[in-house]
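So this one's work27.csv, CSV, C-alpha atoms:
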chain,number,residue,atom,x,y,z
R,1467,MET,CA,-12.7,13.6,5.3
R,1468,MET,CA,-9.4,12.2,4.2
R,1469,LYS,CA,-9.3,8.7,2.8
R,1470,ILE,CA,-6.6,6.0,2.7
R,1471,SER,CA,-6.5,3.5,-0.1
R,1472,LEU,CA,-4.4,0.5,-1.0
R,1473,LEU,CA,-3.8,0.2,-4.7
R,1474,THR,CA,-2.5,-3.2,-5.9
R,1475,VAL,CA,-1.6,-4.8,-9.2
R,1476,GLY,CA,-3.5,-8.1,-9.5
R,1477,LYS,CA,-6.2,-9.8,-7.5
R,1478,THR,CA,-6.0,-11.3,-4.1
R,1479,ASP,CA,-7.0,-14.8,-5.0
R,1480,ILE,CA,-5.6,-16.8,-2.1
R,1481,SER,CA,-8.5,-17.3,0.3
R,1482,TRP,CA,-6.7,-17.1,3.6
R,1483,VAL,CA,-4.9,-13.9,2.5
R,1484,ARG,CA,-8.2,-12.4,1.4
R,1485,GLU,CA,-9.8,-13.3,4.7
R,1486,GLY,CA,-7.0,-11.6,6.6
R,1487,LEU,CA,-7.2,-8.6,4.3
R,1488,GLU,CA,-11.0,-8.3,4.9
R,1489,THR,CA,-10.5,-8.6,8.7
R,1490,TYR,CA,-8.0,-5.8,9.0
R,1491,SER,CA,-9.8,-3.6,6.4
R,1492,ALA,CA,-13.0,-3.8,8.4
R,1493,ARG,CA,-11.1,-3.0,11.6
R,1494,LEU,CA,-9.3,-0.1,9.9
R,1495,SER,CA,-12.5,1.4,8.6
R,1496,ARG,CA,-13.5,2.2,12.2
R,1497,TYR,CA,-10.7,4.9,12.2
R,1498,VAL,CA,-10.5,6.1,8.6
R,1499,PRO,CA,-12.3,5.6,5.3
R,1500,PHE,CA,-10.2,2.8,3.8
R,1501,SER,CA,-10.5,1.0,0.5
R,1502,ILE,CA,-8.6,-1.5,-1.6
R,1503,ARG,CA,-8.4,-1.0,-5.4
R,1504,GLU,CA,-7.1,-3.8,-7.5
R,1505,ILE,CA,-5.7,-3.1,-11.0
R,1506,PRO,CA,-6.2,-6.2,-13.2
R,1507,GLU,CA,-3.0,-8.1,-14.0
R,1508,LEU,CA,-1.7,-7.6,-17.5
R,1509,LYS,CA,-2.7,-10.4,-20.0
R,1510,ASN,CA,-0.4,-12.0,-22.5
R,1511,THR,CA,2.9,-10.7,-21.1
R,1512,SER,CA,5.1,-13.6,-22.2
R,1513,ALA,CA,6.4,-11.5,-25.2
R,1514,LEU,CA,7.1,-8.5,-23.0
R,1515,SER,CA,10.4,-7.7,-21.1
R,1516,LYS,CA,10.3,-7.0,-17.4
R,1517,GLU,CA,10.8,-3.3,-18.2
R,1518,GLN,CA,7.8,-3.3,-20.6
R,1519,ILE,CA,5.7,-5.0,-18.0
R,1520,LYS,CA,6.7,-2.4,-15.4
R,1521,GLU,CA,6.0,0.4,-17.9
R,1522,LYS,CA,2.5,-0.9,-18.7
R,1523,GLU,CA,1.6,-1.5,-15.0
R,1524,GLY,CA,3.0,1.9,-14.2
R,1525,GLU,CA,0.6,3.5,-16.7
R,1526,LEU,CA,-2.3,1.8,-15.0
R,1527,ILE,CA,-1.1,2.7,-11.5
R,1528,LEU,CA,-0.8,6.4,-12.5
R,1529,LYS,CA,-4.3,6.4,-14.1
R,1530,ASN,CA,-5.6,5.4,-10.6
R,1531,ILE,CA,-3.9,8.2,-8.8
R,1532,ARG,CA,-5.2,11.8,-8.6
R,1533,THR,CA,-2.8,14.7,-8.7
R,1534,SER,CA,-3.9,15.7,-5.2
R,1535,ASP,CA,-3.1,12.3,-3.7
R,1536,THR,CA,-0.1,11.6,-1.4
R,1537,VAL,CA,1.4,8.4,-2.9
R,1538,ILE,CA,3.5,6.0,-0.8
R,1539,LEU,CA,5.0,3.0,-2.5
R,1540,LEU,CA,5.6,-0.2,-0.7
R,1541,ASP,CA,9.1,-1.0,-2.0
R,1542,GLU,CA,12.1,-3.0,-0.8
R,1543,ARG,CA,14.2,0.2,-1.2
R,1544,GLY,CA,11.9,2.1,1.2
R,1545,LYS,CA,12.4,3.2,4.7
R,1546,GLU,CA,11.8,0.5,7.4
R,1547,TYR,CA,9.9,1.6,10.5
R,1548,ARG,CA,9.2,0.1,13.9
R,1549,SER,CA,5.4,0.0,14.4
R,1550,ILE,CA,5.5,3.1,16.7
R,1551,GLU,CA,7.6,5.1,14.2
R,1552,PHE,CA,5.2,4.1,11.4
R,1553,ALA,CA,2.2,5.3,13.6
R,1554,LYS,CA,4.0,8.7,13.9
R,1555,GLU,CA,4.6,8.8,10.1
R,1556,ILE,CA,0.9,8.1,9.5
R,1557,GLU,CA,0.0,10.9,12.0
R,1558,LYS,CA,2.2,13.2,10.0
R,1559,LEU,CA,0.5,12.2,6.7
R,1560,LEU,CA,-2.9,12.7,8.3
R,1561,SER,CA,-2.0,16.2,9.3
R,1562,GLY,CA,-0.8,17.0,5.8
R,1563,GLY,CA,-3.6,19.2,4.6
R,1564,GLY,CA,-6.4,16.7,3.9
R,1565,LYS,CA,-4.8,15.0,0.9
R,1566,ASP,CA,-6.0,11.4,0.4
R,1567,ILE,CA,-3.2,8.9,0.9
R,1568,VAL,CA,-2.7,6.1,-1.6
R,1569,PHE,CA,-0.3,3.2,-0.7
R,1570,VAL,CA,0.7,1.2,-3.7
R,1571,ILE,CA,1.9,-2.4,-4.1
R,1572,GLY,CA,3.3,-3.0,-7.5
R,1573,GLY,CA,3.6,-6.1,-9.7
R,1574,ALA,CA,6.2,-8.8,-9.5
R,1575,TYR,CA,8.9,-6.7,-11.1
R,1576,GLY,CA,8.3,-3.5,-9.0
R,1577,PHE,CA,7.6,0.0,-10.2
R,1578,SER,CA,8.4,1.9,-13.4
R,1579,GLU,CA,10.5,5.1,-13.1
R,1580,ALA,CA,7.4,7.2,-13.8
R,1581,VAL,CA,5.7,5.7,-10.7
R,1582,TYR,CA,8.8,6.3,-8.6
R,1583,SER,CA,8.9,9.9,-9.9
R,1584,ARG,CA,5.3,10.5,-8.9
R,1585,SER,CA,5.6,9.0,-5.4
R,1586,ASN,CA,5.9,11.0,-2.2
R,1587,GLY,CA,7.7,8.3,-0.3
R,1588,LEU,CA,8.8,4.7,-0.1
R,1589,VAL,CA,8.1,2.3,2.8
R,1590,SER,CA,9.6,-1.2,3.2
R,1591,LEU,CA,7.8,-3.7,5.5
R,1592,SER,CA,10.9,-5.8,5.8
R,1593,ARG,CA,14.2,-6.6,4.2
R,1594,MET,CA,12.6,-10.0,3.4
R,1595,THR,CA,10.6,-10.5,0.3
R,1596,PHE,CA,6.9,-11.4,0.7
R,1597,SER,CA,4.5,-12.6,-2.0
R,1598,HIS,CA,2.6,-9.7,-3.5
R,1599,GLN,CA,-0.6,-11.1,-2.1
R,1600,MET,CA,0.7,-11.6,1.5
R,1601,VAL,CA,2.1,-8.0,1.5
R,1602,ARG,CA,-1.4,-6.7,1.3
R,1603,THR,CA,-2.6,-8.4,4.5
R,1604,VAL,CA,0.7,-7.7,6.4
R,1605,PHE,CA,0.5,-4.0,5.4
R,1606,THR,CA,-3.2,-3.6,6.2
R,1607,GLU,CA,-2.5,-5.1,9.7
R,1608,GLN,CA,0.3,-2.7,10.2
R,1609,LEU,CA,-1.8,0.2,9.2
R,1610,TYR,CA,-4.5,-0.9,11.6
R,1611,ARG,CA,-1.9,-1.3,14.3
R,1612,ALA,CA,-0.7,2.3,13.6
R,1613,PHE,CA,-4.2,3.6,14.2
R,1614,THR,CA,-4.5,1.7,17.5
R,1615,ILE,CA,-1.2,3.2,18.6
R,1616,ILE,CA,-2.3,6.7,17.5
R,1617,LYS,CA,-5.6,6.2,19.5
R,1618,GLY,CA,-3.8,4.7,22.5
R,1619,GLU,CA,-5.7,1.5,22.3
R,1620,PRO,CA,-4.4,-1.8,23.8
R,1621,TYR,CA,-3.6,-3.7,20.6
R,1622,HIS,CA,0.1,-3.1,20.2
R,1623,HIS,CA,2.5,-4.2,23.0
R,1624,GLU,CA,5.8,-2.5,23.3
What is this structure when it is put down as structure tokens?
Amino acid sequence: MMKISLLTVGKTDISWVREGLETYSARLSRYVPFSIREIPELKNTSALSKEQIKEKEGELILKNIRTSDTVILLDERGKEYRSIEFAKEIEKLLSGGGKDIVFVIGGAYGFSEAVYSRSNGLVSLSRMTFSHQMVRTVFTEQLYRAFTIIKGEPYHHE
């Protein structure tokens, strides 16, 4: 059975964000095996440049991805979808030969070139910038919404 995971840099430590994330993760798991994997934030980064931070986070991200995974980055440069279009995209990914899908939310400075090179696609949730913690809940709700659309269930109103 194909699995979907959300790989994030840093913990979700804002309680109301975590509650929302847990709510939509639980709902989502009725449709597909879903997990959230948190990569610990780098320590002692004050001496590092933004590029060095991205490189180090990138190495950790790549260690958490298998060569067989389909990797989609949540990135401001990514494609924006309406919810119904996103559901169609998820359906396409699901029919893509049983590869697990890993959605990745990077750190504060984005992704390293190595992570961009490894990715199979970029998705943007909005042209607005959200906190890295809030994006987790917003994205997980959208993924849940996509599955209700795929199943024809009355959650999404068009």
Fewer than 4 positions away in the same chain doesn't count, so skip those; otherwise give me all residues within 8 Å of R:Tyr1547, counting only C-alpha atoms, as a list in words.
Glu1551, Phe1552, Val1589, Ser1590 and Leu1591 of chain R
Residues within 10 Å of (-9.1, -3.6, 13.1), file coords, all atoms listed in the file, listed as a list in words
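Applying the cut-off with all atoms listed in the file, one gets Glu1488, Thr1489, Tyr1490, Ser1491, Ala1492, Arg1493, Leu1494, Ser1495, Arg1496, Tyr1497, Thr1606, Glu1607, Gln1608, Leu1609, Tyr1610, Arg1611, Phe1613, Thr1614 and Tyr1621 of chain R.
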Near R:Phe1596, counting only C-alpha atoms, which residues have an atom at most 12 Å away, once you skip same-chain residues fewer than 5 positions from it, shown as a PyMOL selection string?
chain R and resi 1540-1542+1571+1574+1590-1591+1601-1605
Kindly indicate which residue among R:His1598, R:Arg1532, R:Lys1617, R:His1622 lies nearest to R:Val1568, using only C-alpha atoms for the distances.
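The shortest atom-to-atom distance to R:Val1568 comes from R:Arg1532.
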Each residue of stretch 1559-1622 of chain R lying at most 10 Å from stretch 1503-1521 of chain R should get a row with its shortest atom-to-atom pair and the distance in Å to one decimal, counting only C-alpha atoms; could you produce that, ordered by chain and increasing number, as JSON lines?
{"residue": "R:Val1568", "atom": "CA", "partner": "R:Arg1503", "partner_atom": "CA", "distance": 9.9}
{"residue": "R:Val1570", "atom": "CA", "partner": "R:Arg1503", "partner_atom": "CA", "distance": 9.5}
{"residue": "R:Ile1571", "atom": "CA", "partner": "R:Glu1504", "partner_atom": "CA", "distance": 9.7}
{"residue": "R:Gly1572", "atom": "CA", "partner": "R:Lys1520", "partner_atom": "CA", "distance": 8.6}
{"residue": "R:Gly1573", "atom": "CA", "partner": "R:Lys1520", "partner_atom": "CA", "distance": 7.5}
{"residue": "R:Ala1574", "atom": "CA", "partner": "R:Lys1520", "partner_atom": "CA", "distance": 8.7}
{"residue": "R:Tyr1575", "atom": "CA", "partner": "R:Lys1516", "partner_atom": "CA", "distance": 6.5}
{"residue": "R:Gly1576", "atom": "CA", "partner": "R:Lys1520", "partner_atom": "CA", "distance": 6.7}
{"residue": "R:Phe1577", "atom": "CA", "partner": "R:Lys1520", "partner_atom": "CA", "distance": 5.8}
{"residue": "R:Ser1578", "atom": "CA", "partner": "R:Lys1520", "partner_atom": "CA", "distance": 5.0}
{"residue": "R:Glu1579", "atom": "CA", "partner": "R:Glu1521", "partner_atom": "CA", "distance": 8.1}
{"residue": "R:Ala1580", "atom": "CA", "partner": "R:Glu1521", "partner_atom": "CA", "distance": 8.1}
{"residue": "R:Val1581", "atom": "CA", "partner": "R:Glu1521", "partner_atom": "CA", "distance": 8.9}
Any idea what the distance is between atom CA of R:Leu1588 and atom CA of R:Ile1480?
26.0 Å
Counting all atoms listed in the file, the residue of R:Ile1567, R:Lys1477, R:Tyr1582, R:Gln1599 that sits nearest R:Ile1531
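Counting all atoms listed in the file, the residue closest to R:Ile1531 is R:Ile1567.
Nearest residue to R:Ile1556, choosing from R:Ser1597, R:Ile1616, R:Ile1502, R:Gly1587 and counting only C-alpha atoms: R:Ile1616.
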Point-to-point distance in Å for atom CA of R:Phe1569 and atom CA of R:Asn1530
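Between atom CA of R:Asn1530 and atom CA of R:Phe1569 the gap is 11.4 Å.
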Go ahead and compute the interatomic distance for atom CA of R:Gly1562 and atom CA of R:Lys1469, in Å to one decimal.
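Distance reported for this atom pair: 12.3 Å.
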Could you check which of R:Met1600, R:Ser1481, R:Ser1585, R:Val1475 is closest to R:Lys1522, using all atoms listed in the file?
R:Val1475
Point out the residue among R:Arg1584, R:Ala1612, R:Val1537, R:Ser1592 with the least atom-to-atom distance to R:Glu1525, counting all atoms listed in the file.
R:Arg1584
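With distances restricted to all atoms listed in the file, R:Ser1471 is the closest residue to R:Ser1501 from R:Ser1471, R:Ser1549, R:Ser1534, R:Ser1583.
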What would the list of residues within 9 Å of (-3.7, 15.3, 3.2) (file frame) look like as a list in words, if only C-alpha atoms are what count?
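The requested residues, written out, are Met1468, Lys1469, Ser1534, Asp1535, Thr1536, Leu1559, Leu1560, Ser1561, Gly1562, Gly1563, Gly1564, Lys1565, Asp1566 and Ile1567 of chain R.
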Residues from last step as file, C-alpha atoms, as a short mmCIF file (atom, residue, chain, number, x, y, z; two decimals), in the frame of the given file:
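File written: part-v2.cif
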data_model
loop_
_atom_site.label_atom_id
_atom_site.label_comp_id
_atom_site.auth_asym_id
_atom_site.auth_seq_id
_atom_site.Cartn_x
_atom_site.Cartn_y
_atom_site.Cartn_z
CA MET R 1468 -9.40 12.20 4.20
CA LYS R 1469 -9.30 8.70 2.80
CA SER R 1534 -3.90 15.70 -5.20
CA ASP R 1535 -3.10 12.30 -3.70
CA THR R 1536 -0.10 11.60 -1.40
CA LEU R 1559 0.50 12.20 6.70
CA LEU R 1560 -2.90 12.70 8.30
CA SER R 1561 -2.00 16.20 9.30
CA GLY R 1562 -0.80 17.00 5.80
CA GLY R 1563 -3.60 19.20 4.60
CA GLY R 1564 -6.40 16.70 3.90
CA LYS R 1565 -4.80 15.00 0.90
CA ASP R 1566 -6.00 11.40 0.40
CA ILE R 1567 -3.20 8.90 0.90
#
Just need stretch 1482-1601 of chain R in a file, please: C-alpha atoms, as an mmCIF file, in the first residue's frame.
data_model
loop_
_atom_site.group_PDB
_atom_site.id
_atom_site.type_symbol
_atom_site.label_atom_id
_atom_site.label_comp_id
_atom_site.auth_asym_id
_atom_site.auth_seq_id
_atom_site.Cartn_x
_atom_site.Cartn_y
_atom_site.Cartn_z
ATOM 1 C CA TRP R 1482 -3.193 25.130 18.335
ATOM 2 C CA VAL R 1483 -1.194 24.385 15.163
ATOM 3 C CA ARG R 1484 -0.363 20.902 16.498
ATOM 4 C CA GLU R 1485 -4.039 20.276 17.391
ATOM 5 C CA GLY R 1486 -5.126 21.173 13.859
ATOM 6 C CA LEU R 1487 -2.366 19.040 12.393
ATOM 7 C CA GLU R 1488 -3.408 16.057 14.542
ATOM 8 C CA THR R 1489 -7.080 16.538 13.604
ATOM 9 C CA TYR R 1490 -6.454 16.503 9.845
ATOM 10 C CA SER R 1491 -3.796 13.782 10.079
ATOM 11 C CA ALA R 1492 -6.298 11.502 11.834
ATOM 12 C CA ARG R 1493 -8.999 12.259 9.241
ATOM 13 C CA LEU R 1494 -6.529 11.698 6.414
ATOM 14 C CA SER R 1495 -5.436 8.316 7.751
ATOM 15 C CA ARG R 1496 -8.929 6.971 6.952
ATOM 16 C CA TYR R 1497 -7.977 7.268 3.263
ATOM 17 C CA VAL R 1498 -4.252 6.612 3.097
ATOM 18 C CA PRO R 1499 -1.394 5.693 5.441
ATOM 19 C CA PHE R 1500 -0.179 9.172 6.438
ATOM 20 C CA SER R 1501 2.679 10.197 8.702
ATOM 21 C CA ILE R 1502 4.508 13.341 9.709
ATOM 22 C CA ARG R 1503 8.267 13.177 10.148
ATOM 23 C CA GLU R 1504 10.024 16.085 11.818
ATOM 24 C CA ILE R 1505 13.728 16.704 11.238
ATOM 25 C CA PRO R 1506 15.221 18.443 14.279
ATOM 26 C CA GLU R 1507 16.145 22.080 13.717
ATOM 27 C CA LEU R 1508 19.855 22.760 13.402
ATOM 28 C CA LYS R 1509 21.572 23.921 16.581
ATOM 29 C CA ASN R 1510 24.088 26.783 16.879
ATOM 30 C CA THR R 1511 23.392 28.305 13.467
ATOM 31 C CA SER R 1512 24.328 31.922 14.318
ATOM 32 C CA ALA R 1513 27.761 31.509 12.705
ATOM 33 C CA LEU R 1514 26.299 29.982 9.520
ATOM 34 C CA SER R 1515 25.134 31.803 6.393
ATOM 35 C CA LYS R 1516 21.643 31.238 4.976
ATOM 36 C CA GLU R 1517 23.226 29.102 2.241
ATOM 37 C CA GLN R 1518 25.083 26.952 4.774
ATOM 38 C CA ILE R 1519 21.881 26.443 6.766
ATOM 39 C CA LYS R 1520 20.023 25.418 3.585
ATOM 40 C CA GLU R 1521 22.840 23.004 2.672
ATOM 41 C CA LYS R 1522 22.867 21.354 6.120
ATOM 42 C CA GLU R 1523 19.067 21.104 6.249
ATOM 43 C CA GLY R 1524 19.130 19.785 2.693
ATOM 44 C CA GLU R 1525 21.476 16.956 3.668
ATOM 45 C CA LEU R 1526 19.095 15.975 6.486
ATOM 46 C CA ILE R 1527 16.069 16.135 4.165
ATOM 47 C CA LEU R 1528 17.778 13.937 1.569
ATOM 48 C CA LYS R 1529 18.725 11.374 4.257
ATOM 49 C CA ASN R 1530 15.004 11.035 5.007
ATOM 50 C CA ILE R 1531 13.992 10.334 1.401
ATOM 51 C CA ARG R 1532 14.319 6.983 -0.355
ATOM 52 C CA THR R 1533 15.345 6.785 -4.014
ATOM 53 C CA SER R 1534 11.948 5.227 -4.792
ATOM 54 C CA ASP R 1535 9.931 8.119 -3.264
ATOM 55 C CA THR R 1536 8.065 10.732 -5.261
ATOM 56 C CA VAL R 1537 9.131 14.031 -3.668
ATOM 57 C CA ILE R 1538 6.985 17.162 -3.808
ATOM 58 C CA LEU R 1539 8.313 20.364 -2.244
ATOM 59 C CA LEU R 1540 6.005 22.947 -0.735
ATOM 60 C CA ASP R 1541 7.634 26.015 -2.190
ATOM 61 C CA GLU R 1542 6.619 29.584 -3.041
ATOM 62 C CA ARG R 1543 7.873 28.990 -6.610
ATOM 63 C CA GLY R 1544 5.606 25.955 -6.973
ATOM 64 C CA LYS R 1545 2.412 25.560 -8.927
ATOM 65 C CA GLU R 1546 -0.750 26.914 -7.334
ATOM 66 C CA TYR R 1547 -3.847 24.744 -7.547
ATOM 67 C CA ARG R 1548 -7.526 25.160 -6.844
ATOM 68 C CA SER R 1549 -8.656 22.400 -4.453
ATOM 69 C CA ILE R 1550 -10.300 20.348 -7.217
ATOM 70 C CA GLU R 1551 -7.171 20.598 -9.389
ATOM 71 C CA PHE R 1552 -5.025 19.549 -6.432
ATOM 72 C CA ALA R 1553 -7.293 16.514 -5.912
ATOM 73 C CA LYS R 1554 -6.753 15.555 -9.578
ATOM 74 C CA GLU R 1555 -2.980 15.935 -9.098
ATOM 75 C CA ILE R 1556 -3.091 13.685 -6.017
ATOM 76 C CA GLU R 1557 -5.063 11.104 -8.017
ATOM 77 C CA LYS R 1558 -2.368 11.188 -10.709
ATOM 78 C CA LEU R 1559 0.360 10.699 -8.105
ATOM 79 C CA LEU R 1560 -1.575 7.820 -6.536
ATOM 80 C CA SER R 1561 -1.811 6.061 -9.884
ATOM 81 C CA GLY R 1562 1.938 6.515 -10.445
ATOM 82 C CA GLY R 1563 3.096 2.982 -9.823
ATOM 83 C CA GLY R 1564 2.922 2.551 -6.065
ATOM 84 C CA LYS R 1565 5.701 4.972 -5.128
ATOM 85 C CA ASP R 1566 5.367 6.549 -1.711
ATOM 86 C CA ILE R 1567 4.810 10.303 -1.842
ATOM 87 C CA VAL R 1568 6.810 12.609 0.410
ATOM 88 C CA PHE R 1569 5.737 16.251 0.687
ATOM 89 C CA VAL R 1570 8.487 18.421 2.152
ATOM 90 C CA ILE R 1571 8.307 21.702 4.065
ATOM 91 C CA GLY R 1572 11.776 23.210 4.359
ATOM 92 C CA GLY R 1573 13.306 25.505 6.921
ATOM 93 C CA ALA R 1574 13.012 29.284 7.142
ATOM 94 C CA TYR R 1575 15.364 29.881 4.189
ATOM 95 C CA GLY R 1576 13.902 27.309 1.822
ATOM 96 C CA PHE R 1577 15.610 24.413 0.080
ATOM 97 C CA SER R 1578 19.150 23.729 -1.090
ATOM 98 C CA GLU R 1579 19.829 23.154 -4.782
ATOM 99 C CA ALA R 1580 20.413 19.455 -4.036
ATOM 100 C CA VAL R 1581 16.861 19.158 -2.662
ATOM 101 C CA TYR R 1582 15.405 21.012 -5.670
ATOM 102 C CA SER R 1583 17.333 18.647 -7.955
ATOM 103 C CA ARG R 1584 15.892 15.604 -6.185
ATOM 104 C CA SER R 1585 12.292 16.824 -6.224
ATOM 105 C CA ASN R 1586 9.626 15.582 -8.616
ATOM 106 C CA GLY R 1587 7.509 18.730 -8.338
ATOM 107 C CA LEU R 1588 6.795 21.959 -6.482
ATOM 108 C CA VAL R 1589 3.472 23.021 -4.991
ATOM 109 C CA SER R 1590 2.624 26.460 -3.624
ATOM 110 C CA LEU R 1591 -0.300 26.780 -1.219
ATOM 111 C CA SER R 1592 -0.557 30.536 -1.779
ATOM 112 C CA ARG R 1593 1.388 33.517 -2.988
ATOM 113 C CA MET R 1594 1.243 34.665 0.621
ATOM 114 C CA THR R 1595 3.887 33.489 3.071
ATOM 115 C CA PHE R 1596 2.748 31.389 6.037
ATOM 116 C CA SER R 1597 4.783 30.494 9.092
ATOM 117 C CA HIS R 1598 6.540 27.156 8.621
ATOM 118 C CA GLN R 1599 4.413 25.726 11.408
ATOM 119 C CA MET R 1600 1.056 26.919 10.069
ATOM 120 C CA VAL R 1601 1.840 25.595 6.595
#
